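Asker: my_file-v9.cif is the file, holding mmCIF, C-alpha atoms:
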data_final
loop_
_atom_site.label_atom_id
_atom_site.label_comp_id
_atom_site.auth_asym_id
_atom_site.auth_seq_id
_atom_site.Cartn_x
_atom_site.Cartn_y
_atom_site.Cartn_z
CA MET A 760 4.45 23.38 4.82
CA ASN A 761 5.48 23.42 8.46
CA ASN A 762 6.64 20.46 10.53
CA ALA A 763 3.31 20.07 12.34
CA GLN A 764 1.48 19.74 9.03
CA LYS A 765 4.05 17.25 7.78
CA GLN A 766 3.65 15.16 10.92
CA LYS A 767 -0.13 15.31 10.62
CA GLU A 768 0.02 14.14 6.99
CA LYS A 769 2.48 11.41 7.85
CA ALA A 770 0.19 10.19 10.63
CA ALA A 771 -2.73 10.18 8.18
CA GLY A 772 -0.71 8.00 5.80
CA LEU A 773 -0.56 10.64 3.05
CA LYS A 774 2.07 10.05 0.36
CA SER A 775 3.12 12.43 -2.42
CA PHE A 776 3.91 11.54 -6.03
CA ALA A 777 5.67 13.41 -8.82
CA CYS A 778 3.96 15.00 -11.82
CA ALA A 779 6.18 16.45 -14.54
CA PHE A 780 3.55 18.49 -16.36
CA GLY A 781 3.99 21.73 -14.41
CA ALA A 782 7.76 21.90 -14.70
CA MET A 783 7.66 21.19 -18.43
CA ALA A 784 4.83 23.64 -19.11
CA ARG A 785 6.66 26.38 -17.19
CA ALA A 786 9.89 25.90 -19.17
CA PRO A 787 11.26 28.97 -20.95
CA GLY A 788 10.27 29.56 -24.56
CA GLY A 789 6.55 29.17 -24.12
CA ILE A 790 3.68 31.00 -25.75
CA GLU A 791 1.95 33.93 -24.05
CA ARG A 792 -1.74 33.69 -23.24
CA GLU A 793 -2.80 36.60 -25.40
CA HIS A 794 -0.94 35.26 -28.42
CA ALA A 795 -2.07 31.66 -27.88
CA VAL A 796 -5.73 32.51 -27.41
CA GLY A 797 -5.74 34.90 -30.37
CA ALA A 798 -4.10 32.31 -32.61
CA ALA A 799 -6.55 29.61 -31.50
CA GLU A 800 -9.52 31.85 -32.16
CA THR A 801 -8.14 32.57 -35.64
CA THR A 802 -7.76 28.84 -36.21
CA LEU A 803 -11.35 28.22 -35.15
CA ALA A 804 -12.56 31.05 -37.37
CA GLY A 805 -10.82 29.28 -40.25
CA MET A 806 -12.80 26.15 -39.42
CA ARG A 807 -16.09 28.05 -39.49
CA SER A 808 -17.39 26.56 -42.75
CA SER A 809 -16.65 22.99 -41.68
CA ILE A 810 -18.31 23.64 -38.31
CA ASP A 811 -21.37 24.99 -40.12
CA GLU A 812 -21.46 21.84 -42.25
CA TYR A 813 -21.24 19.74 -39.12
CA ILE A 814 -24.13 21.66 -37.55
CA ALA A 815 -26.20 21.09 -40.69
CA LEU A 816 -25.44 17.36 -40.53
CA GLU A 817 -26.46 17.17 -36.89
CA PHE A 818 -29.72 18.98 -37.66
CA ASP A 819 -30.43 16.46 -40.43
CA ARG A 820 -29.75 13.65 -38.00
CA LEU A 821 -31.93 15.29 -35.34
CA ASN A 822 -34.84 15.74 -37.76
CA ARG A 823 -34.64 12.10 -38.81
CA VAL A 824 -34.56 10.91 -35.20
CA VAL A 825 -37.49 13.11 -34.17
CA ALA A 826 -39.52 11.90 -37.16
CA ALA A 827 -38.70 8.29 -36.34
CA LEU A 828 -39.64 8.66 -32.68
CA GLY A 829 -42.96 10.23 -33.58
CA ASN A 830 -44.54 9.93 -30.18
CA GLY A 831 -42.33 11.70 -27.68
CA CYS A 832 -39.32 10.48 -25.81
CA SER A 833 -40.60 8.02 -23.29
CA SER A 834 -37.79 5.52 -22.86
CA PRO A 835 -34.09 5.67 -22.08
CA ALA A 836 -33.45 4.16 -25.52
CA ASP A 837 -35.35 7.04 -27.18
CA ALA A 838 -33.32 9.51 -25.14
CA ASP A 839 -30.08 7.82 -26.19
CA THR A 840 -31.04 8.18 -29.83
CA LEU A 841 -31.90 11.85 -29.47
CA TYR A 842 -28.94 12.63 -27.24
CA ARG A 843 -26.24 12.21 -29.86
CA PRO A 844 -27.26 14.93 -32.34
CA VAL A 845 -28.32 17.30 -29.55
CA CYS A 846 -25.01 16.75 -27.79
CA GLY A 847 -23.19 17.39 -31.07
CA LEU A 848 -24.98 20.73 -31.46
CA ARG A 849 -24.21 21.68 -27.87
CA ASP A 850 -20.53 20.88 -28.24
CA VAL A 851 -19.88 23.05 -31.29
CA GLY A 852 -22.66 25.66 -31.33
CA SER A 853 -20.91 28.46 -29.53
CA THR A 854 -17.63 27.67 -31.29
CA ALA A 855 -19.38 28.79 -34.48
CA GLY A 856 -20.86 31.82 -32.70
CA PHE A 857 -24.23 30.22 -31.92
CA GLU A 858 -24.28 30.57 -28.14
CA LEU A 859 -28.05 30.35 -28.07
CA LEU A 860 -27.88 27.04 -29.91
CA THR A 861 -25.44 25.69 -27.35
CA GLU A 862 -27.58 26.93 -24.45
CA ILE A 863 -30.77 25.33 -25.77
CA ALA A 864 -28.97 22.11 -26.68
CA ARG A 865 -27.46 22.03 -23.18
CA ASN A 866 -30.93 22.32 -21.68
CA PHE A 867 -32.18 19.56 -24.00
CA CYS A 868 -29.21 17.31 -23.11
CA ASP A 869 -29.95 17.74 -19.40
CA LEU A 870 -33.56 16.82 -20.07
CA LEU A 871 -32.58 13.75 -22.09
CA GLU A 872 -30.24 12.65 -19.31
CA ALA A 873 -33.22 12.79 -16.97
CA VAL A 874 -35.17 10.57 -19.38
CA GLN A 875 -32.19 8.22 -19.55
CA ALA A 876 -32.45 8.05 -15.78
CA GLY A 877 -36.14 7.14 -15.92
CA ALA A 878 -38.13 10.37 -16.37
CA GLN A 879 -40.99 10.47 -18.89
CA CYS A 880 -41.03 13.26 -21.44
CA GLY A 881 -43.91 13.96 -23.84
CA GLN A 882 -43.90 14.96 -27.48
CA ASP A 883 -44.67 18.59 -26.63
CA VAL A 884 -41.46 18.92 -24.60
CA VAL A 885 -39.36 17.41 -27.38
CA ASP A 886 -41.10 19.55 -30.01
CA CYS A 887 -40.55 22.83 -28.20
CA HIS A 888 -36.86 22.08 -27.74
CA VAL A 889 -36.43 21.06 -31.37
CA ALA A 890 -38.27 24.20 -32.52
CA ALA A 891 -36.07 26.32 -30.26
CA LEU A 892 -32.94 24.72 -31.71
CA HIS A 893 -34.11 25.63 -35.21
CA VAL A 894 -34.72 29.22 -34.13
CA ALA A 895 -31.28 29.40 -32.51
CA ARG A 896 -29.60 28.21 -35.67
CA GLN A 897 -30.80 31.21 -37.67
CA GLU A 898 -27.98 33.43 -38.91
CA CYS A 899 -29.37 36.43 -37.03
CA HIS A 900 -28.40 34.69 -33.76
CA ARG A 901 -24.77 34.16 -34.70
CA GLY A 902 -22.48 36.20 -32.50
CA THR A 903 -25.28 37.73 -30.46
CA GLY A 904 -25.00 35.55 -27.38
CA LEU A 905 -28.35 35.08 -25.69
CA LYS A 906 -29.46 38.63 -26.43
CA GLY A 907 -33.16 38.85 -27.18
CA ALA A 908 -33.74 35.22 -26.28
CA GLU A 909 -33.57 35.43 -22.50
CA GLU A 910 -37.25 34.57 -22.09
CA LEU A 911 -36.94 31.57 -24.38
CA VAL A 912 -33.99 30.25 -22.41
CA ALA A 913 -35.73 30.89 -19.09
CA GLY A 914 -38.87 29.12 -20.33
CA LEU A 915 -36.93 26.04 -21.38
CA LYS A 916 -35.14 26.05 -18.04
CA THR A 917 -38.50 26.05 -16.30
CA ILE A 918 -39.53 23.00 -18.33
CA LEU A 919 -36.25 21.29 -17.51
CA HIS A 920 -36.70 21.93 -13.79
CA ARG A 921 -39.98 20.02 -13.88
CA PHE A 922 -37.84 16.97 -14.59
CA VAL A 923 -34.52 17.92 -12.95
CA PRO A 924 -34.55 20.13 -9.84
CA PRO A 925 -31.74 22.70 -9.95
CA GLU A 926 -28.71 21.95 -7.82
CA SER A 927 -27.68 24.69 -5.44
CA MET B 1125 9.07 33.52 -16.17
CA PRO B 1126 5.75 35.31 -16.66
CA LYS B 1127 2.82 33.36 -15.30
CA ASN B 1128 0.78 33.74 -18.45
CA THR B 1129 3.10 31.66 -20.59
CA LEU B 1130 2.97 27.95 -21.38
CA ASN B 1131 5.51 25.78 -23.10
CA LEU B 1132 3.61 22.76 -24.39
CA ARG B 1133 6.02 21.77 -27.16
CA LYS B 1134 7.37 18.67 -25.47
CA LEU B 1135 4.12 17.63 -23.86
CA ASN B 1136 1.93 14.91 -25.31
CA PHE B 1137 -1.82 15.38 -24.97
CA LEU B 1138 -4.56 12.83 -25.36
CA VAL B 1139 -8.08 13.96 -26.25
CA ALA B 1140 -10.62 11.23 -25.57
CA ASP B 1141 -14.02 12.05 -27.00
CA ALA B 1142 -16.46 9.96 -29.02
CA ASN B 1143 -17.46 12.98 -31.07
CA PRO B 1144 -14.73 13.29 -33.72
CA PHE B 1145 -15.62 16.86 -34.57
CA SER B 1146 -15.51 18.02 -30.98
CA SER B 1147 -12.22 16.18 -30.59
CA LYS B 1148 -10.88 17.86 -33.72
CA ILE B 1149 -11.67 21.29 -32.30
CA VAL B 1150 -9.83 20.59 -29.04
CA HIS B 1151 -6.96 19.07 -31.03
CA SER B 1152 -6.71 22.22 -33.16
CA ILE B 1153 -6.75 24.48 -30.11
CA LEU B 1154 -3.96 22.51 -28.44
CA ARG B 1155 -1.89 22.51 -31.62
CA THR B 1156 -2.29 26.28 -31.83
CA PHE B 1157 -1.06 26.46 -28.24
CA THR B 1158 2.12 24.89 -29.74
CA ALA B 1159 1.54 21.35 -28.49
CA GLU B 1160 3.27 19.22 -31.11
CA SER B 1161 1.75 15.92 -30.13
CA VAL B 1162 -1.98 15.40 -29.64
CA PHE B 1163 -3.42 11.90 -29.71
CA GLU B 1164 -7.13 11.25 -30.15
CA ALA B 1165 -9.27 8.39 -28.90
CA LYS B 1166 -12.97 7.63 -29.28
CA SER B 1167 -13.43 5.37 -26.27
CA ALA B 1168 -11.96 4.62 -22.87
CA LYS B 1169 -10.46 1.41 -24.22
CA GLU B 1170 -8.76 3.17 -27.11
CA ALA B 1171 -7.52 5.94 -24.81
CA ASP B 1172 -6.09 3.42 -22.39
CA GLU B 1173 -4.25 1.62 -25.18
CA ILE B 1174 -2.72 4.91 -26.31
CA MET B 1175 -1.63 5.76 -22.79
CA VAL B 1176 -0.03 2.38 -22.27
CA SER B 1177 1.90 2.44 -25.53
CA ASN B 1178 2.83 6.14 -25.68
CA LYS B 1179 4.08 8.79 -23.32
CA VAL B 1180 1.05 10.95 -22.47
CA ASP B 1181 1.48 14.02 -20.26
CA ALA B 1182 -2.11 15.21 -19.97
CA LEU B 1183 -5.52 13.73 -20.66
CA LEU B 1184 -8.69 15.55 -21.68
CA CYS B 1185 -11.58 13.12 -21.57
CA ASP B 1186 -15.26 13.58 -22.25
CA HIS B 1187 -17.65 13.08 -19.37
CA ARG B 1188 -19.70 10.74 -21.61
CA LEU B 1189 -16.74 8.80 -22.97
CA PRO B 1190 -17.95 5.42 -24.32
CA GLY B 1191 -16.85 2.52 -22.23
CA MET B 1192 -17.02 3.87 -18.74
CA GLY B 1193 -17.50 7.64 -18.84
CA GLY B 1194 -14.80 10.21 -18.23
CA ILE B 1195 -15.09 10.27 -14.46
CA GLU B 1196 -14.89 6.51 -14.06
CA PHE B 1197 -12.05 6.45 -16.55
CA ALA B 1198 -10.16 8.99 -14.44
CA ARG B 1199 -10.80 6.88 -11.36
CA ALA B 1200 -9.59 3.71 -13.10
CA ILE B 1201 -6.33 5.42 -14.09
CA ARG B 1202 -5.76 6.84 -10.61
CA GLN B 1203 -6.58 3.61 -8.81
CA ASN B 1204 -4.23 1.46 -10.89
CA PRO B 1205 -0.78 1.57 -9.24
CA GLU B 1206 0.78 0.15 -12.40
CA HIS B 1207 -0.77 2.66 -14.79
CA PRO B 1208 1.94 4.68 -16.59
CA CYS B 1209 -0.25 7.80 -16.58
CA ARG B 1210 -1.46 7.56 -13.02
CA SER B 1211 -0.13 10.99 -12.01
CA ILE B 1212 -0.79 13.07 -15.11
CA PRO B 1213 -3.27 15.97 -15.15
CA ILE B 1214 -6.76 14.78 -16.12
CA LEU B 1215 -9.35 17.28 -17.35
CA VAL B 1216 -12.92 16.09 -17.68
CA MET B 1217 -14.84 17.82 -20.47
CA ALA B 1218 -18.54 18.03 -19.72
CA GLY B 1219 -21.55 19.71 -21.25
CA GLU B 1220 -22.66 20.92 -17.86
CA THR B 1221 -20.84 21.70 -14.62
CA ARG B 1222 -23.31 20.72 -11.95
CA PRO B 1223 -21.85 20.70 -8.43
CA SER B 1224 -22.51 16.96 -8.13
CA LEU B 1225 -20.55 16.30 -11.31
CA ILE B 1226 -17.66 18.47 -10.19
CA LYS B 1227 -17.56 16.72 -6.83
CA ALA B 1228 -17.63 13.30 -8.50
CA ALA B 1229 -14.79 14.30 -10.82
CA ARG B 1230 -12.78 15.66 -7.91
CA ASP B 1231 -13.23 12.50 -5.87
CA ALA B 1232 -12.27 10.36 -8.86
CA GLY B 1233 -8.95 12.22 -9.00
CA ALA B 1234 -9.54 14.56 -11.94
CA HIS B 1235 -7.74 17.89 -11.86
CA LEU B 1236 -10.47 19.96 -13.47
CA VAL B 1237 -13.83 19.97 -15.14
CA VAL B 1238 -13.97 22.02 -18.34
CA ARG B 1239 -17.30 23.00 -19.76
CA LYS B 1240 -18.00 22.16 -23.40
CA PRO B 1241 -17.84 23.70 -25.95
CA ILE B 1242 -14.19 24.30 -25.12
CA ALA B 1243 -13.20 27.93 -25.60
CA PRO B 1244 -9.51 28.67 -26.23
CA ALA B 1245 -9.26 31.21 -23.41
CA VAL B 1246 -10.83 28.84 -20.90
CA LEU B 1247 -8.60 25.93 -21.88
CA PHE B 1248 -5.47 28.07 -21.74
CA ASP B 1249 -6.43 29.38 -18.31
CA ARG B 1250 -7.03 25.83 -17.08
CA LEU B 1251 -3.61 24.71 -18.29
CA LEU B 1252 -2.03 27.81 -16.74
CA TRP B 1253 -3.71 26.91 -13.49
CA ILE B 1254 -2.38 23.36 -13.55
CA ALA B 1255 1.13 24.53 -14.48
CA TYR B 1256 1.52 27.41 -12.06
CA ARG B 1257 -0.66 26.37 -9.16
CA ALA B 1258 0.43 22.78 -9.28
CA ARG B 1259 -1.13 20.64 -6.58
CA ARG B 1260 0.68 17.68 -5.13
CA ILE B 1261 -0.39 14.28 -6.33
CA VAL B 1262 -1.27 12.43 -3.15
CA ALA B 1263 -2.42 9.01 -2.03
CA VAL B 1264 -4.48 8.89 1.14
CA ASN B 1265 -7.37 6.80 2.43
CA GLY B 1266 -8.00 5.13 -0.91
CA TYR B 1267 -7.88 8.39 -2.84
CA PHE B 1268 -5.19 9.01 -5.46
CA GLY B 1269 -4.98 12.28 -7.34
CA PRO B 1270 -4.30 15.98 -6.93
CA ASP B 1271 -4.53 17.25 -3.39
CA ARG B 1272 -8.16 18.25 -2.92
CA ARG B 1273 -7.27 20.82 -0.28
CA PHE B 1274 -6.39 24.09 -1.88
CA LYS B 1275 -7.12 27.75 -1.57
CA PHE B 1276 -8.16 30.11 -4.38
CA GLU B 1277 -6.29 33.25 -3.40
CA ALA B 1278 -6.75 35.60 -6.32
CA PRO B 1279 -7.00 35.68 -10.09
CA PRO B 1280 -3.71 35.95 -11.99
CA PRO B 1281 -2.17 39.45 -12.03
CA GLY B 1282 -4.00 41.83 -14.31
CA ARG B 1283 -6.93 39.46 -14.67
CA ALA B 1284 -10.41 40.15 -13.40
CA ARG B 1285 -12.11 38.01 -10.77
CA ARG B 1286 -15.29 37.94 -12.77
CA LYS B 1287 -16.26 38.65 -16.36
CA ASP B 1288 -17.83 41.97 -15.47
CA ASP B 1289 -14.93 43.21 -13.35
CA ALA B 1290 -13.06 46.12 -14.82
CA VAL B 1291 -9.42 45.02 -14.59
CA SER B 1292 -8.96 43.92 -18.18
CA GLY B 1293 -12.31 42.74 -19.40
CA GLN B 1294 -10.58 39.57 -20.60
CA GLY B 1295 -10.65 37.54 -17.46
CA PRO B 1296 -11.90 34.02 -17.41
CA PRO B 1297 -15.68 33.76 -17.41
CA PRO B 1298 -17.43 32.66 -14.21
CA GLU B 1299 -17.67 29.06 -15.33
CA SER B 1300 -13.89 28.96 -15.67
CA ASP B 1301 -13.43 30.17 -12.12
CA PRO B 1302 -11.21 27.46 -10.66
CA GLU B 1303 -12.95 27.83 -7.33
CA ARG B 1304 -16.14 26.54 -8.95
CA ALA B 1305 -14.82 24.11 -11.43
CA VAL B 1306 -11.52 22.78 -10.12
CA ALA B 1307 -11.56 19.36 -8.62
#
Hey, can you dump this file as structure tokens for me?

Answerer:
Amino acid sequence: MNNAQKQKEKAAGLKSFACAFGAMARAPGGIEREHAVGAAETTLAGMRSSIDEYIALEFDRLNRVVAALGNGCSSPADADTLYRPVCGLRDVGSTAGFELLTEIARNFCDLLEAVQAGAQCGQDVVDCHVAALHVARQECHRGTGLKGAEELVAGLKTILHRFVPPES
Amino acid sequence: MPKNTLNLRKLNFLVADANPFSSKIVHSILRTFTAESVFEAKSAKEADEIMVSNKVDALLCDHRLPGMGGIEFARAIRQNPEHPCRSIPILVMAGETRPSLIKAARDAGAHLVVRKPIAPAVLFDRLLWIAYRARRIVAVNGYFGPDRRFKFEAPPPGRARRKDDAVSGQGPPPESDPERAVA
């Protein structure tokens, strides 16, 4: 930083503070990216069965919530109830190889956030998302990314954009 | 010192996420990255108590953290001159990375927004970014946090700019591009 910049910052009242993280993380004896990422992926692969169990639990919870709601998702409270299991599926889906599950759950979460903010969402919209989640959970979609489901994802995005305009 | 290496052994992480399973996954990833100490909290209140009573060097908090949400939690930490963790890196974990969310996180003083589910490669690249492209922690005009003025010059050596580039095929995916997702 040159003197002119320093003077400009001083005039603007800018003050700097210390943060030790960088120096400590750069210390010798660390782990290389390739090794670290490989080891972490192996660790997650070892957790696969417990992640699958968690996904099954979240589906059970989702099915119960959908059955209890019965008539769409019309209030922020309904959206709150639905949000938790859908969010759970989104947050672990791709970790277990179900990228499509994560993508659909992400779309559904965005939709539910819109309802939490006051949008009205009918039973048909909830049903098509729930049905899509069940499709995405099928073993044939594990490890395949979004392949073969591009139209499904695009269709759900179109529905979402009726409630939430895309940000540029 | 190669710029693709991290030494996290002596660093204490705090993962604040109401979803215990999601938190467990991030915890496991950090432990595999050789971090020996990873705390977990289920709410902003619990996270704050941990930060006050323990040395915490980096915080990963969920965007929807119960209590006040991850972004407001980051702001509360940054705006409290007495907070022991005021200057530490804060990563907000969010299910989506809308521009408005990224801007809000940036203005609250968060270092980065990381998209959930957290992938090991993305998290490692984020930590590399914080360690090797460290931004000054500044206070100016009511803002406290990492300097929001920065320039993305190039991906790390040997790494592709985008997923489809041909350099190594292992570069960070577009959503991990710091230019898009860094506060």

Asker: From the set A:His900, A:Gln766, A:Met783, A:Lys774, which residue has the shortest atom-to-atom contact distance to Ile1254 in chain B, counting all atoms listed in the file?

Answerer: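 Residue with the minimum atom-to-atom distance to Ile1254 in chain B: A:Met783.
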
Asker: Please, what distance in Å, to one decimal, runs between CA of Ala1218 in chain B and CA of Val1238 in chain B?

Answerer: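 These atoms are spaced 6.2 Å apart.
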
Asker: CA of Asn1136 in chain B and CA of Val1162 in chain B are how many Å apart?

Answerer: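 CA of Val1162 in chain B lies 5.9 Å from CA of Asn1136 in chain B.
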
Asker: Any idea what the distance is between CA of Ala826 in chain A and CA of Leu892 in chain A?

Answerer: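 So the two atoms, CA of Ala826 in chain A and CA of Leu892 in chain A, lie 15.4 Å apart.
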
Asker: I need the residue set behind the PyMOL selection byres ((chain B) within 6 of (chain A)) for this file; please write it as a ChimeraX atom specification.

Answerer: /B:1128-1132,1153,1156-1157,1211,1240-1241,1244-1245,1255,1261-1264

Asker: Could you make a table, as a tab-separated table, of the residues of range 852-890 of chain A that have an atom within 10 Å of an atom of range 908-918 of chain A, each with its nearest atom pair and distance in Å to one decimal, counting all atoms listed in the file, in chain and number order?

Answerer:
residue	atom	partner	partner_atom	distance
A:Leu859	CA	A:Ala908	CA	7.7
A:Glu862	CA	A:Val912	CA	7.5
A:Ile863	CA	A:Val912	CA	6.8
A:Asn866	CA	A:Lys916	CA	6.7
A:Phe867	CA	A:Leu915	CA	8.5
A:Asp869	CA	A:Lys916	CA	9.9
A:Leu870	CA	A:Ile918	CA	8.8
A:Val884	CA	A:Ile918	CA	7.7
A:Cys887	CA	A:Leu915	CA	8.4
A:His888	CA	A:Leu915	CA	7.5

Asker: Output, as lines of an AutoDock Vina configuration file, the centre and edge lengths in Å (one decimal) of the axis-aligned box that contains all listed atoms of range 884-890 of chain A with 3 Å of margin on each side.

Answerer:
center_x = -38.9
center_y = 20.8
center_z = -28.6
size_x = 11.0
size_y = 12.8
size_z = 13.9

Asker: May I have the residues within 10 Å of Arg1272 in chain B as a ChimeraX atom specification, using only C-alpha atoms and disregarding those fewer than 5 positions away in the same chain?

Answerer: /B:1230-1231,1233-1235,1259-1262,1267,1306-1307

Asker: Restricting the calculation to only C-alpha atoms: of B:Cys1209, B:Ala1140, B:Ile1201, B:Cys1185, which residue gets closest to Leu1236 in chain B?

Answerer: B:Cys1185

Asker: Taking all atoms listed in the file into account, which of B:Leu1154, B:Val1139, B:Val1237, B:Met1175 comes nearest Leu1189 in chain B?

Answerer: B:Val1139

Asker: Kindly extract all protein, DNA and RNA residues lying within 12 Å of the coordinates (-36.3, 6.5, -33.4) given in the file, considering only C-alpha atoms, and supply them as a count of residues only.

Answerer: 23

Asker: Can you turn the PyMOL selection byres ((chain B and resi 1204) around 12) into a concrete residue list for this file, as a list of chain:residue names?

Answerer: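 Against this file, the PyMOL selection byres ((chain B and resi 1204) around 12) returns the residues B:Asp1172, B:Phe1197, B:Ala1198, B:Arg1199, B:Ala1200, B:Ile1201, B:Arg1202, B:Gln1203, B:Pro1205, B:Glu1206, B:His1207, B:Pro1208, B:Cys1209, B:Arg1210, B:Ser1211, B:Gly1233, B:Ala1263, B:Gly1266, B:Tyr1267, B:Phe1268, B:Gly1269.
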